[in-house]
Structure formats: structure tokens, C-alpha cells
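Source file: structure.cif; contents: mmCIF, C-alpha atoms.
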data_query
#
loop_
_atom_site.label_atom_id
_atom_site.label_comp_id
_atom_site.auth_asym_id
_atom_site.auth_seq_id
_atom_site.Cartn_x
_atom_site.Cartn_y
_atom_site.Cartn_z
CA MET A 210 -0.04 2.92 -10.79
CA LYS A 211 0.50 1.82 -14.37
CA ILE A 212 2.54 4.63 -15.92
CA ALA A 213 3.61 5.39 -19.49
CA ILE A 214 6.53 7.64 -20.46
CA VAL A 215 6.46 9.68 -23.66
CA ASN A 216 9.86 11.23 -24.35
CA ASP A 217 12.38 11.11 -27.20
CA MET A 218 15.42 11.70 -24.96
CA PRO A 219 16.94 8.50 -23.48
CA LEU A 220 18.51 10.44 -20.59
CA ALA A 221 15.12 11.89 -19.62
CA VAL A 222 13.47 8.47 -19.83
CA GLU A 223 16.17 7.05 -17.56
CA ALA A 224 15.70 9.93 -15.10
CA LEU A 225 11.97 9.24 -14.94
CA ARG A 226 12.52 5.50 -14.48
CA ARG A 227 14.92 6.14 -11.60
CA ALA A 228 12.49 8.55 -9.95
CA LEU A 229 9.61 6.09 -10.22
CA ALA A 230 11.76 3.31 -8.78
CA PHE A 231 11.58 5.02 -5.37
CA GLU A 232 7.90 4.00 -5.24
CA PRO A 233 7.60 0.24 -5.97
CA GLN A 234 3.83 0.47 -6.54
CA HIS A 235 4.48 2.36 -9.80
CA GLU A 236 5.02 0.29 -12.95
CA VAL A 237 6.22 1.64 -16.29
CA ILE A 238 4.11 -0.28 -18.81
CA TRP A 239 5.44 1.32 -22.00
CA VAL A 240 7.67 4.06 -23.36
CA ALA A 241 6.99 6.04 -26.55
CA GLY A 242 9.49 8.20 -28.39
CA ASN A 243 7.01 10.66 -29.87
CA GLY A 244 3.41 11.77 -29.60
CA ALA A 245 2.12 9.76 -32.54
CA GLU A 246 3.49 6.55 -31.07
CA ALA A 247 1.97 7.48 -27.72
CA VAL A 248 -1.50 7.92 -29.24
CA GLN A 249 -1.27 4.44 -30.77
CA ARG A 250 0.18 2.78 -27.67
CA CYS A 251 -2.44 4.42 -25.46
CA ALA A 252 -5.22 3.01 -27.61
CA GLU A 253 -3.72 -0.47 -27.28
CA HIS A 254 -2.94 -0.28 -23.55
CA THR A 255 -4.29 2.75 -21.70
CA PRO A 256 -2.22 3.52 -18.59
CA ASP A 257 -3.38 5.16 -15.37
CA LEU A 258 -1.00 8.05 -16.00
CA ILE A 259 1.15 9.39 -18.84
CA LEU A 260 4.31 11.43 -18.20
CA MET A 261 4.30 13.51 -21.40
CA ASP A 262 7.19 15.51 -22.85
CA LEU A 263 6.39 18.64 -24.88
CA ILE A 264 8.98 18.90 -27.65
CA MET A 265 9.26 15.71 -29.72
CA PRO A 266 9.59 14.73 -33.38
CA VAL A 267 6.62 13.57 -35.51
CA MET A 268 4.01 14.82 -32.99
CA ASP A 269 4.57 17.06 -30.00
CA GLY A 270 3.11 16.65 -26.52
CA VAL A 271 0.37 19.23 -27.03
CA GLU A 272 -1.18 17.46 -30.00
CA ALA A 273 -0.64 14.04 -28.42
CA THR A 274 -2.48 15.22 -25.29
CA ARG A 275 -5.36 16.51 -27.43
CA GLN A 276 -5.72 13.25 -29.35
CA ILE A 277 -5.39 11.00 -26.30
CA MET A 278 -7.95 12.97 -24.28
CA ALA A 279 -10.35 12.79 -27.23
CA ARG A 280 -9.89 9.08 -27.93
CA THR A 281 -8.67 7.22 -24.84
CA PRO A 282 -8.66 9.73 -21.98
CA CYS A 283 -6.40 9.18 -19.00
CA ALA A 284 -4.42 11.29 -16.56
CA ILE A 285 -1.54 13.22 -18.16
CA VAL A 286 1.24 15.18 -16.47
CA ILE A 287 3.55 17.30 -18.62
CA VAL A 288 7.23 16.68 -17.83
CA THR A 289 9.67 19.12 -19.40
CA VAL A 290 13.27 20.24 -18.96
CA ASP A 291 12.57 23.86 -19.92
CA ARG A 292 9.15 24.88 -18.73
CA GLN A 293 9.78 28.64 -18.83
CA GLN A 294 10.61 28.51 -22.55
CA ASN A 295 7.55 26.35 -23.20
CA VAL A 296 4.99 28.09 -20.99
CA HIS A 297 2.50 28.66 -23.82
CA ARG A 298 2.72 25.01 -24.88
CA VAL A 299 2.18 23.96 -21.28
CA PHE A 300 -1.08 25.89 -21.07
CA GLU A 301 -2.16 24.57 -24.47
CA ALA A 302 -1.68 21.02 -23.20
CA MET A 303 -3.54 21.82 -19.98
CA GLY A 304 -6.31 23.28 -22.09
CA HIS A 305 -6.63 19.89 -23.77
CA GLY A 306 -6.86 18.13 -20.42
CA ALA A 307 -3.35 17.65 -19.00
CA LEU A 308 -3.60 17.80 -15.22
CA ASP A 309 -0.29 19.28 -14.16
CA VAL A 310 3.32 20.02 -15.11
CA VAL A 311 6.63 19.25 -13.45
CA ASP A 312 10.35 19.49 -14.22
CA THR A 313 12.19 16.43 -15.45
CA PRO A 314 14.13 15.05 -12.46
CA ALA A 315 17.86 15.73 -12.65
CA VAL A 316 20.24 12.79 -13.01
CA GLY A 317 23.52 12.76 -11.09
CA ALA A 318 22.99 16.04 -9.26
CA GLY A 319 22.43 16.17 -5.51
CA ASN A 320 20.19 13.76 -3.63
CA PRO A 321 18.31 11.52 -6.11
CA ARG A 322 15.30 11.11 -3.81
CA GLU A 323 15.01 14.87 -3.33
CA ALA A 324 15.21 15.36 -7.09
CA ALA A 325 12.40 12.83 -7.56
CA ALA A 326 10.17 14.26 -4.81
CA PRO A 327 8.24 16.88 -6.87
CA LEU A 328 7.34 14.30 -9.52
CA LEU A 329 6.34 11.68 -6.96
CA ARG A 330 4.16 14.21 -5.13
CA LYS A 331 2.34 15.04 -8.36
CA ILE A 332 1.79 11.34 -9.02
CA LEU A 333 0.43 10.86 -5.49
CA ASN A 334 -2.10 13.64 -6.11
CA ILE A 335 -3.16 12.04 -9.38
CA SER A 336 -3.54 8.62 -7.75
CA TRP A 337 -5.94 10.08 -5.20
CA LEU A 338 -7.95 11.76 -7.92
CA ILE A 339 -8.18 8.61 -10.01
CA GLY A 340 -9.24 6.58 -6.99
CA GLN A 341 -11.68 9.28 -5.90
CA HIS A 342 -10.15 9.15 -2.43
CA GLY A 343 -9.85 11.94 0.06
CA SER A 344 -12.71 14.15 -1.03
CA ASN A 345 -12.06 16.66 1.70
CA ARG A 346 -15.51 17.85 2.64
CA VAL A 347 -15.88 21.44 3.70
CA ARG A 348 -17.76 22.02 6.89
CA ALA A 349 -21.12 23.80 6.87
CA VAL A 350 -21.04 27.52 7.57
CA ALA A 351 -23.45 29.97 9.06
CA ALA A 352 -24.97 32.49 6.67
CA PRO A 353 -23.32 35.92 7.01
CA GLN A 354 -25.28 39.09 7.53
CA ARG A 355 -24.76 40.87 4.21
CA GLN A 356 -24.86 44.64 4.00
CA GLY A 357 -27.42 45.96 1.58
CA ALA A 358 -26.18 49.53 1.16
CA GLN A 359 -22.88 48.87 -0.62
CA ARG A 360 -23.19 45.47 -2.18
CA GLN A 361 -20.02 44.52 -4.01
CA ARG A 362 -19.91 41.95 -6.77
CA LEU A 363 -17.67 38.89 -7.07
CA VAL A 364 -17.28 36.04 -9.52
CA ALA A 365 -15.40 33.09 -7.95
CA ILE A 366 -14.16 30.65 -10.61
CA GLY A 367 -12.52 27.26 -10.09
CA SER A 368 -10.94 25.08 -12.78
CA SER A 369 -8.45 22.27 -13.26
CA ALA A 370 -7.72 19.99 -16.25
CA GLY A 371 -8.75 21.87 -19.38
CA GLY A 372 -9.04 25.04 -17.31
CA PRO A 373 -6.59 27.37 -19.08
CA ALA A 374 -8.41 27.08 -22.41
CA ALA A 375 -11.81 27.32 -20.70
CA LEU A 376 -10.74 30.42 -18.78
CA GLU A 377 -9.50 32.00 -22.00
CA VAL A 378 -12.89 31.46 -23.65
CA LEU A 379 -14.82 32.74 -20.64
CA LEU A 380 -12.69 35.85 -20.06
CA LYS A 381 -12.51 36.71 -23.75
CA SER A 382 -16.31 36.74 -23.86
CA LEU A 383 -16.67 39.27 -21.04
CA GLU A 384 -16.99 42.96 -21.81
CA GLN A 385 -13.95 45.11 -21.08
CA ASP A 386 -15.93 47.12 -18.53
CA PHE A 387 -17.35 44.09 -16.70
CA ASN A 388 -18.07 45.55 -13.28
CA ALA A 389 -17.53 42.65 -10.91
CA ALA A 390 -14.36 41.43 -9.25
CA ILE A 391 -13.11 38.05 -10.53
CA VAL A 392 -10.95 35.61 -8.57
CA LEU A 393 -9.63 32.52 -10.38
CA VAL A 394 -8.46 29.35 -8.64
CA GLN A 395 -6.76 27.08 -11.17
CA HIS A 396 -4.86 23.92 -10.27
CA VAL A 397 -1.41 25.03 -11.40
CA ASP A 398 1.98 24.93 -9.72
CA GLN A 399 3.28 28.17 -8.23
CA VAL A 400 6.15 28.39 -10.72
CA PHE A 401 3.66 28.60 -13.58
CA ALA A 402 1.13 30.94 -12.00
CA ALA A 403 2.73 34.21 -13.13
CA GLY A 404 3.16 32.86 -16.65
CA MET A 405 -0.45 31.76 -16.71
CA ALA A 406 -1.64 35.20 -15.63
CA GLU A 407 0.36 36.78 -18.45
CA TRP A 408 -0.91 34.20 -20.93
CA LEU A 409 -4.53 34.75 -19.93
CA SER A 410 -4.07 38.51 -20.20
CA SER A 411 -2.72 38.30 -23.74
CA ALA A 412 -5.17 35.59 -24.81
CA SER A 413 -8.34 37.09 -23.34
CA GLY A 414 -7.73 40.82 -23.58
CA LEU A 415 -8.58 41.35 -19.92
CA PRO A 416 -5.84 42.30 -17.44
CA VAL A 417 -5.09 39.27 -15.28
CA ARG A 418 -2.54 39.29 -12.44
CA LEU A 419 -1.66 37.27 -9.37
CA ALA A 420 -3.68 37.93 -6.22
CA ARG A 421 -1.67 39.62 -3.49
CA GLU A 422 -1.81 38.86 0.21
CA GLY A 423 -4.00 41.36 2.03
CA GLU A 424 -5.76 42.93 -0.96
CA ALA A 425 -9.52 43.01 -1.47
CA PRO A 426 -11.15 41.94 -4.77
CA GLN A 427 -12.19 45.02 -6.73
CA PRO A 428 -14.54 45.48 -9.72
CA GLY A 429 -12.68 45.28 -13.01
CA GLN A 430 -9.86 43.18 -11.58
CA VAL A 431 -9.11 39.57 -12.52
CA LEU A 432 -6.99 37.94 -9.83
CA LEU A 433 -5.40 34.50 -10.08
CA ALA A 434 -4.37 32.46 -7.03
CA GLY A 435 -0.60 32.52 -7.29
CA THR A 436 1.06 30.23 -4.73
CA ASN A 437 1.08 26.58 -3.69
CA HIS A 438 -0.89 27.62 -0.60
CA HIS A 439 -4.67 27.93 -0.65
CA ILE A 440 -6.28 31.31 -1.14
CA ARG A 441 -9.23 32.34 1.01
CA LEU A 442 -11.39 35.36 1.70
CA LEU A 443 -11.14 36.73 5.22
CA LYS A 444 -13.87 38.33 7.33
CA ASP A 445 -12.60 41.83 6.52
CA GLY A 446 -12.99 41.14 2.79
CA THR A 447 -9.29 40.77 1.99
CA LEU A 448 -7.51 37.78 0.45
CA ALA A 449 -4.97 35.64 2.27
CA TYR A 450 -2.83 32.61 1.47
CA THR A 451 -2.83 29.74 3.95
CA ALA A 452 -1.20 26.33 4.25
CA GLU A 453 -4.29 24.89 5.91
CA PRO A 454 -5.76 22.40 5.24
CA VAL A 455 -2.41 20.70 4.76
CA ASN A 456 -4.00 17.42 3.59
CA ALA A 457 -5.83 18.95 0.60
CA ILE A 458 -4.96 17.05 -2.57
CA TYR A 459 -4.60 20.12 -4.73
CA ARG A 460 -3.03 23.43 -3.87
CA PRO A 461 -4.64 25.85 -4.27
CA SER A 462 -7.94 24.21 -3.34
CA ILE A 463 -11.12 25.48 -5.00
CA ASP A 464 -13.20 24.17 -2.10
CA VAL A 465 -11.21 26.28 0.38
CA PHE A 466 -11.84 29.47 -1.57
CA PHE A 467 -15.52 28.81 -2.31
CA GLU A 468 -16.10 27.98 1.37
CA SER A 469 -14.54 31.26 2.43
CA VAL A 470 -16.73 33.18 -0.03
CA ALA A 471 -19.82 31.45 1.36
CA ARG A 472 -18.74 32.40 4.85
CA PHE A 473 -17.55 35.97 4.49
CA TRP A 474 -18.51 37.68 1.22
CA GLN A 475 -20.81 40.61 2.02
CA GLY A 476 -22.15 41.43 -1.44
CA ASP A 477 -23.46 39.59 -4.49
CA ALA A 478 -21.48 36.65 -5.81
CA VAL A 479 -21.56 33.91 -8.41
CA GLY A 480 -19.62 30.66 -8.10
CA VAL A 481 -18.49 29.03 -11.34
CA LEU A 482 -16.98 25.53 -11.51
CA LEU A 483 -15.30 24.63 -14.79
CA THR A 484 -13.69 21.56 -16.35
CA GLY A 485 -11.42 19.38 -14.22
CA MET A 486 -10.71 15.91 -12.87
CA GLY A 487 -11.77 14.92 -9.38
CA ARG A 488 -14.20 16.61 -6.98
CA ASP A 489 -12.48 19.80 -5.84
CA GLY A 490 -14.91 22.70 -5.77
CA ALA A 491 -18.14 20.68 -5.63
CA GLN A 492 -18.65 20.92 -1.87
CA GLY A 493 -17.60 24.56 -1.78
CA LEU A 494 -19.99 25.38 -4.61
CA LYS A 495 -22.78 23.71 -2.67
CA LEU A 496 -22.02 25.85 0.35
CA MET A 497 -22.23 28.95 -1.83
CA ARG A 498 -25.62 27.81 -3.11
CA GLU A 499 -26.83 27.15 0.43
CA GLN A 500 -25.92 30.73 1.36
CA GLY A 501 -28.07 32.10 -1.46
CA PHE A 502 -25.42 32.72 -4.11
CA LEU A 503 -25.96 31.77 -7.75
CA THR A 504 -23.81 28.78 -8.71
CA ILE A 505 -22.96 27.60 -12.22
CA ALA A 506 -21.26 24.40 -13.40
CA GLN A 507 -19.92 23.77 -16.89
CA ASP A 508 -21.81 21.12 -18.85
CA GLN A 509 -20.40 17.80 -19.99
CA GLN A 510 -20.34 18.54 -23.71
CA SER A 511 -18.09 21.60 -23.38
CA SER A 512 -15.83 20.21 -20.60
CA ALA A 513 -12.41 18.83 -21.51
CA VAL A 514 -12.66 16.66 -18.38
CA TYR A 515 -16.12 16.24 -16.87
CA GLY A 516 -15.08 15.48 -13.31
CA MET A 517 -15.48 18.48 -11.01
CA PRO A 518 -18.63 19.84 -12.70
CA LYS A 519 -20.11 16.35 -12.67
CA ALA A 520 -19.42 16.05 -8.94
CA ALA A 521 -21.14 19.40 -8.39
CA ALA A 522 -24.16 18.35 -10.43
CA ALA A 523 -24.39 15.06 -8.53
CA ILE A 524 -24.83 16.82 -5.16
CA ASP A 525 -27.10 19.54 -6.55
CA ALA A 526 -24.49 22.22 -5.96
CA ALA A 527 -25.15 24.08 -9.21
CA VAL A 528 -28.23 26.22 -9.70
CA GLU A 529 -27.45 26.29 -13.43
CA ILE A 530 -25.52 23.94 -15.73
CA ARG A 531 -24.33 25.73 -18.84
CA ALA A 532 -22.14 25.25 -21.89
CA LEU A 533 -18.85 27.14 -21.58
CA GLU A 534 -19.76 29.72 -24.22
CA ARG A 535 -23.00 30.56 -22.37
CA ILE A 536 -21.39 31.31 -19.00
CA ALA A 537 -19.93 34.74 -19.78
CA PRO A 538 -23.20 36.08 -21.28
CA ARG A 539 -24.98 34.88 -18.14
CA LEU A 540 -22.49 36.69 -15.90
CA MET A 541 -22.93 39.90 -17.90
CA GLU A 542 -26.69 39.54 -17.64
CA ILE A 543 -26.48 39.15 -13.86
CA PHE A 544 -24.11 42.08 -13.33
CA SER A 545 -25.35 44.36 -16.10
CA LYS A 546 -26.68 47.02 -13.73
#
As a first step, turn the structure in this file into C-alpha cells.
Amino acid sequence: MKIAIVNDMPLAVEALRRALAFEPQHEVIWVAGNGAEAVQRCAEHTPDLILMDLIMPVMDGVEATRQIMARTPCAIVIVTVDRQQNVHRVFEAMGHGALDVVDTPAVGAGNPREAAAPLLRKILNISWLIGQHGSNRVRAVAAPQRQGAQRQRLVAIGSSAGGPAALEVLLKSLEQDFNAAIVLVQHVDQVFAAGMAEWLSSASGLPVRLAREGEAPQPGQVLLAGTNHHIRLLKDGTLAYTAEPVNAIYRPSIDVFFESVARFWQGDAVGVLLTGMGRDGAQGLKLMREQGFLTIAQDQQSSAVYGMPKAAAAIDAAVEIRALERIAPRLMEIFSK
């Protein structure tokens, strides 16, 4: 991959160069010392992937991500030395279309290859997404026999690049007494999941927390998948985390959760696929539609990255295609009684 580094710290740039050197197929095509320079360099020579720092002079990584995704979009991974202190900036950047976040590899501490492994794994995921490889198709499922007497309500939402900001808009637009359970599957590393739940709670006004192993979705709850394993619904209606399928590009996988809803949910449900790069969620959304659930995909105009919703539209997985601001009113209309 052709990779650009945006960082004002020479030591961090050197650490990234050393990490990338473990994979000879990666080539650093340019280095920028601040966000403004990165915007200009990206327009002149757009890379496959940008490793973007957050705190820089002249223009920070959040604004640089926003401008690059608006002008010359490409894959961006946030690389920071202090992600806990910058959690809100991380989610801002992801709201503008950054795909993921990872720590800056340490220099001179421990095994250099082990230190580089998390970054290289992220880059491998991005390379598969860019190449549209490995679209892990979910197998067809038999329609469950749903109980009519006590029909529970579920909104299953999947999102990736641009997802944090989209989720904020959607959740903020829901009424405080919205009477359906909500489960969110966002492509975000486990170390950021708790921070994202807190951020969404404060930004949207709805209580958001991490989903716990063994609990069942309940009306009025907003649960976020919170580990690097996939989350799925079990036959008894409870949630579980699972390592399978191990070859899924992103963890947690939206397809895995949507497929489990199609297979086991006994009440009414709506599947919602929001902004994101790649194809995750499209096949699972189609399975939900085939089992009689309403499915909604975000439209191109309101998507930060029109990848996953586009994939869903291409295979006729979405019953409705809606602008982001029109999704929450639709959900309230569906579950108003």
C-alpha cells in the first residue's frame, strides 16, 4: 500500500517507518508535519492510507480528516500516543470518516515486531476493504417462528467510518421514552468502546452503555458492542460475544449480529445500516429483510463514507433508503404504539 504519515513528532514518524518496514509491500510516499500540509499533499498525491496524528500545529488531525474526506477521500487511521486523553477528538475524526485508531508503536521497548503488530493488523484490514476482498457472506437462515403474544421490539444498527457522528445525530433525534431496545455495532477497537459509550451518552442525551455477556436487549436501553469479539443474539434472546468467525475483517462484525437477529429475534425489529467503508452489514441486512424485518440504509448524500449502505442498496437489502435525519423519525413512527 502507498501510505502517508501525518505527524509533527520526528520520533513518532520514525516509529511508524520502522513498523511499516516489517511489511515490504507498504511504501511511505510522503510525510507531512501538520494537517494543513497533509491536505495539500493529499490533493497532489492521494495515498491508499493516511496514518494521521491528532494534536499538531497549524491544523489538527480532526480538521485535516474532515477536509481530506471532503476533497480527496482516502482511508485514514488515527495514530496517537495518548488516546485516552484525546477520546473526544478521536470520535470527532471518526465522525468525519476516519476508519480506525491505534496507538503509536513504541520505539526501543520490548520486541519491535510485537509493538508494530496492532498497527500492521489495522493496515491489513484497511487493505482488504480498499480491495473489496473477503466479503464474508453470511449463510441463509430459516425463518424463526415468532411469538405473537409478547412481541418485543429491537433496532439493530451497524456503522463504521463516520459512524460516531451519525449515531449521535440518530440517537439525539429519538424521544427519551423510545420504547424499543437498541443494539449498536460500530467498528471501533475494544479500548475505545467504553469511551464511545460515554461520549454517545453525553452527546445524544440517551443512556448508552456497553452490552454485557448474557443479557437480553430491553426497551429503553441502548447497548454498544464492547469487545474485539463479535456480538450475536442467541436463541434464548440473550447477547453473547464470540470469536467466530475468526476471519472476519472487522471485529465486531455487523453481518454477524444482523444474521443472528434474522435467525433468532422473536419480536419486531428494524435493521439500520449507516455510513462506512466496505461491505460489512450488507449481507446481514439482506437476511433481515428476507425474514420480514424492515431494513433501512443511509443515503449517499448524508453518508460520510458511502460504502456499506451502497453495498446494501446494490443487493436490494434495504427496504428504505433514507437521509440520516429522517431515520429517527421513521423509527419513532414504527414503534409509536
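Minimum atom-to-atom distances from A:Met405, A:Ile366, A:Cys251, A:Ala390 to A:Ser462 were compared using all atoms listed in the file, and the lowest value belongs to A:Ile366.
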Using only C-alpha atoms, which residue out of A:Ala506, A:Leu442, A:Leu415, A:Ser410 lies closest to A:Asp386?
-> A:Leu415
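Here the question is which of A:Gly501, A:Gly493, A:Pro373, A:Pro256 gets nearest to A:His297 using all atoms listed in the file, and that residue is A:Pro373.
Computed from the coordinates, the atom CA of A:Phe467 to atom CA of A:Asn388 distance equals 20.2 Å.
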Residues within 8 Å of A:Met278, only C-alpha atoms, excluding chain neighbours under 6 positions, as a ChimeraX atom specification | /A:305-306,513
Separating atom CA of A:Val481 from atom CA of A:Glu272, to the nearest tenth of an Å, is a gap of 28.0 Å
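Residues matched by the PyMOL selection byres ((chain A and resi 253) around 12) in this structure: Ile238, Trp239, Glu246, Ala247, Val248, Gln249, Arg250, Cys251, Ala252, His254, Thr255, Pro256, Ile277, Arg280 and Thr281 of chain A.
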Rank A:Thr289, A:Gln234, A:Gln395, A:Asn216 by their smallest atom-to-atom distance to A:Ser369, using only C-alpha atoms, and report the top residue only.
-> A:Gln395
Atom CA of A:Ala452 and atom CA of A:Pro233, how far apart in Å?
-> 29.4 Å
Show which residues sit within 12 Å of A:Thr436, as number ranges by chain. Count all atoms listed in the file, and ignore same-chain residues fewer than 4 positions away.
-> A: 394-403, 419-422, 440-441, 449-452, 459-462
Where does the PyMOL selection byres ((chain A and resi 271) around 8) land in this file, that is, which residues does it pick, as JSON, numbers by chain?
-> {"A": [263, 269, 270, 272, 273, 274, 275, 298, 299, 301, 302, 305]}
Translate the PyMOL selection byres ((chain A and resi 463) around 6) into a concrete residue list for this structure, as a compact mmCIF listing (two decimals) with C-alpha atoms, in the frame of the given file.
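Everything below was put into part-v4.txt:
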# COMPACT_ATOMS: atom_id res chain seq x y z
CA GLY A 367 -12.52 27.26 -10.09
CA VAL A 394 -8.46 29.35 -8.64
CA SER A 462 -7.94 24.21 -3.34
CA ASP A 464 -13.20 24.17 -2.10
CA VAL A 465 -11.21 26.28 0.38
CA PHE A 466 -11.84 29.47 -1.57
CA ASP A 489 -12.48 19.80 -5.84
CA GLY A 490 -14.91 22.70 -5.77
Do a neighbour search on A:Gly446 at 9 Å with all atoms listed in the file, toss out local chain neighbours closer than 2 positions, and write the hits as a PyMOL selection string.
-> chain A and resi 424-426+442-444+448+473-475
Taking all listed atoms of stretch 267-282 of chain A, build the axis-aligned box, pad each of the six sides by 3 Å, then write its centre and edge lengths in Å to one decimal as lines of an AutoDock Vina configuration file.
center_x = -1.9
center_y = 13.2
center_z = -28.7
size_x = 23.0
size_y = 18.0
size_z = 19.5
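Taking all atoms listed in the file into account, the polymer residues that have an atom no farther than 10 Å from (-13.4, 19.7, -17.0) are Gly304, His305, Gly306, Ser368, Ser369, Ala370, Gly371, Gly372, Ala375, Leu482, Leu483, Thr484, Gly485, Met486, Gly487, Ala506, Gln507, Asp508, Gln509, Gln510, Ser511, Ser512, Ala513, Val514, Tyr515, Gly516, Met517, Pro518 and Lys519 of chain A.
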Okay, now the selection with C-alpha atoms, as a PDB file, in the frame of the given file?
ATOM      1  CA  GLY A 304      -6.310  23.280 -22.090  1.00  0.00           C
ATOM      2  CA  HIS A 305      -6.630  19.890 -23.770  1.00  0.00           C
ATOM      3  CA  GLY A 306      -6.860  18.130 -20.420  1.00  0.00           C
ATOM      4  CA  SER A 368     -10.940  25.080 -12.780  1.00  0.00           C
ATOM      5  CA  SER A 369      -8.450  22.270 -13.260  1.00  0.00           C
ATOM      6  CA  ALA A 370      -7.720  19.990 -16.250  1.00  0.00           C
ATOM      7  CA  GLY A 371      -8.750  21.870 -19.380  1.00  0.00           C
ATOM      8  CA  GLY A 372      -9.040  25.040 -17.310  1.00  0.00           C
ATOM      9  CA  ALA A 375     -11.810  27.320 -20.700  1.00  0.00           C
ATOM     10  CA  LEU A 482     -16.980  25.530 -11.510  1.00  0.00           C
ATOM     11  CA  LEU A 483     -15.300  24.630 -14.790  1.00  0.00           C
ATOM     12  CA  THR A 484     -13.690  21.560 -16.350  1.00  0.00           C
ATOM     13  CA  GLY A 485     -11.420  19.380 -14.220  1.00  0.00           C
ATOM     14  CA  MET A 486     -10.710  15.910 -12.870  1.00  0.00           C
ATOM     15  CA  GLY A 487     -11.770  14.920  -9.380  1.00  0.00           C
ATOM     16  CA  ALA A 506     -21.260  24.400 -13.400  1.00  0.00           C
ATOM     17  CA  GLN A 507     -19.920  23.770 -16.890  1.00  0.00           C
ATOM     18  CA  ASP A 508     -21.810  21.120 -18.850  1.00  0.00           C
ATOM     19  CA  GLN A 509     -20.400  17.800 -19.990  1.00  0.00           C
ATOM     20  CA  GLN A 510     -20.340  18.540 -23.710  1.00  0.00           C
ATOM     21  CA  SER A 511     -18.090  21.600 -23.380  1.00  0.00           C
ATOM     22  CA  SER A 512     -15.830  20.210 -20.600  1.00  0.00           C
ATOM     23  CA  ALA A 513     -12.410  18.830 -21.510  1.00  0.00           C
ATOM     24  CA  VAL A 514     -12.660  16.660 -18.380  1.00  0.00           C
ATOM     25  CA  TYR A 515     -16.120  16.240 -16.870  1.00  0.00           C
ATOM     26  CA  GLY A 516     -15.080  15.480 -13.310  1.00  0.00           C
ATOM     27  CA  MET A 517     -15.480  18.480 -11.010  1.00  0.00           C
ATOM     28  CA  PRO A 518     -18.630  19.840 -12.700  1.00  0.00           C
ATOM     29  CA  LYS A 519     -20.110  16.350 -12.670  1.00  0.00           C
TER      30      LYS A 519
END
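Nearest to A:Val222 of all the residues A:Ala520, A:Ile543, A:Gln294, A:Pro314 is A:Pro314, counting all atoms listed in the file.
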For A:Glu232, please output as a PyMOL selection string all residues within 10 Å (counting all atoms listed in the file; exclusion window: fewer than 4 positions along the same chain).
-> chain A and resi 210+227-228+236+329
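If you measure from each of A:Val288, A:Leu540, A:Val479, A:Ile335 to A:Leu379 using all atoms listed in the file, the closest one turns out to be A:Leu540.
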With N, CA and C atoms as the goal, would you fill in the gaps in stretch 277-295 of chain A and present it as a PDB file, in the coordinates of the input?
ATOM      1  N   ILE A 277      -5.157  12.025 -27.327  1.00  0.00           N
ATOM      2  CA  ILE A 277      -5.390  11.000 -26.300  1.00  0.00           C
ATOM      3  C   ILE A 277      -6.625  11.336 -25.477  1.00  0.00           C
ATOM      4  N   MET A 278      -6.778  12.589 -25.084  1.00  0.00           N
ATOM      5  CA  MET A 278      -7.950  12.970 -24.280  1.00  0.00           C
ATOM      6  C   MET A 278      -9.235  12.843 -25.077  1.00  0.00           C
ATOM      7  N   ALA A 279      -9.159  12.944 -26.399  1.00  0.00           N
ATOM      8  CA  ALA A 279     -10.350  12.790 -27.230  1.00  0.00           C
ATOM      9  C   ALA A 279     -10.687  11.335 -27.491  1.00  0.00           C
ATOM     10  N   ARG A 280      -9.668  10.467 -27.533  1.00  0.00           N
ATOM     11  CA  ARG A 280      -9.890   9.080 -27.930  1.00  0.00           C
ATOM     12  C   ARG A 280      -9.870   8.096 -26.754  1.00  0.00           C
ATOM     13  N   THR A 281      -8.823   8.150 -25.975  1.00  0.00           N
ATOM     14  CA  THR A 281      -8.670   7.220 -24.840  1.00  0.00           C
ATOM     15  C   THR A 281      -8.205   8.002 -23.626  1.00  0.00           C
ATOM     16  N   PRO A 282      -9.079   8.803 -23.042  1.00  0.00           N
ATOM     17  CA  PRO A 282      -8.660   9.730 -21.980  1.00  0.00           C
ATOM     18  C   PRO A 282      -8.068   9.035 -20.765  1.00  0.00           C
ATOM     19  N   CYS A 283      -7.023   9.632 -20.243  1.00  0.00           N
ATOM     20  CA  CYS A 283      -6.400   9.180 -19.000  1.00  0.00           C
ATOM     21  C   CYS A 283      -5.652  10.371 -18.408  1.00  0.00           C
ATOM     22  N   ALA A 284      -5.146  10.207 -17.212  1.00  0.00           N
ATOM     23  CA  ALA A 284      -4.420  11.290 -16.560  1.00  0.00           C
ATOM     24  C   ALA A 284      -3.092  11.545 -17.267  1.00  0.00           C
ATOM     25  N   ILE A 285      -2.785  12.825 -17.498  1.00  0.00           N
ATOM     26  CA  ILE A 285      -1.540  13.220 -18.160  1.00  0.00           C
ATOM     27  C   ILE A 285      -0.867  14.319 -17.350  1.00  0.00           C
ATOM     28  N   VAL A 286       0.417  14.148 -17.095  1.00  0.00           N
ATOM     29  CA  VAL A 286       1.240  15.180 -16.470  1.00  0.00           C
ATOM     30  C   VAL A 286       2.338  15.554 -17.457  1.00  0.00           C
ATOM     31  N   ILE A 287       2.482  16.834 -17.741  1.00  0.00           N
ATOM     32  CA  ILE A 287       3.550  17.300 -18.620  1.00  0.00           C
ATOM     33  C   ILE A 287       4.857  17.315 -17.850  1.00  0.00           C
ATOM     34  N   VAL A 288       5.896  16.703 -18.433  1.00  0.00           N
ATOM     35  CA  VAL A 288       7.230  16.680 -17.830  1.00  0.00           C
ATOM     36  C   VAL A 288       8.194  17.291 -18.831  1.00  0.00           C
ATOM     37  N   THR A 289       8.827  18.391 -18.452  1.00  0.00           N
ATOM     38  CA  THR A 289       9.670  19.120 -19.400  1.00  0.00           C
ATOM     39  C   THR A 289      10.940  19.607 -18.722  1.00  0.00           C
ATOM     40  N   VAL A 290      11.997  19.762 -19.505  1.00  0.00           N
ATOM     41  CA  VAL A 290      13.270  20.240 -18.960  1.00  0.00           C
ATOM     42  C   VAL A 290      13.361  21.758 -19.016  1.00  0.00           C
ATOM     43  N   ASP A 291      12.485  22.410 -19.772  1.00  0.00           N
ATOM     44  CA  ASP A 291      12.570  23.860 -19.920  1.00  0.00           C
ATOM     45  C   ASP A 291      11.180  24.449 -19.939  1.00  0.00           C
ATOM     46  N   ARG A 292      10.540  24.477 -18.779  1.00  0.00           N
ATOM     47  CA  ARG A 292       9.150  24.880 -18.730  1.00  0.00           C
ATOM     48  C   ARG A 292       8.955  26.375 -18.987  1.00  0.00           C
ATOM     49  N   GLN A 293       9.939  27.197 -18.615  1.00  0.00           N
ATOM     50  CA  GLN A 293       9.780  28.640 -18.830  1.00  0.00           C
ATOM     51  C   GLN A 293       9.770  28.968 -20.322  1.00  0.00           C
ATOM     52  N   GLN A 294      10.585  28.275 -21.113  1.00  0.00           N
ATOM     53  CA  GLN A 294      10.610  28.510 -22.550  1.00  0.00           C
ATOM     54  C   GLN A 294       9.366  27.946 -23.242  1.00  0.00           C
ATOM     55  N   ASN A 295       8.688  27.024 -22.579  1.00  0.00           N
ATOM     56  CA  ASN A 295       7.550  26.350 -23.200  1.00  0.00           C
ATOM     57  C   ASN A 295       6.235  26.656 -22.498  1.00  0.00           C
TER      58      ASN A 295
END
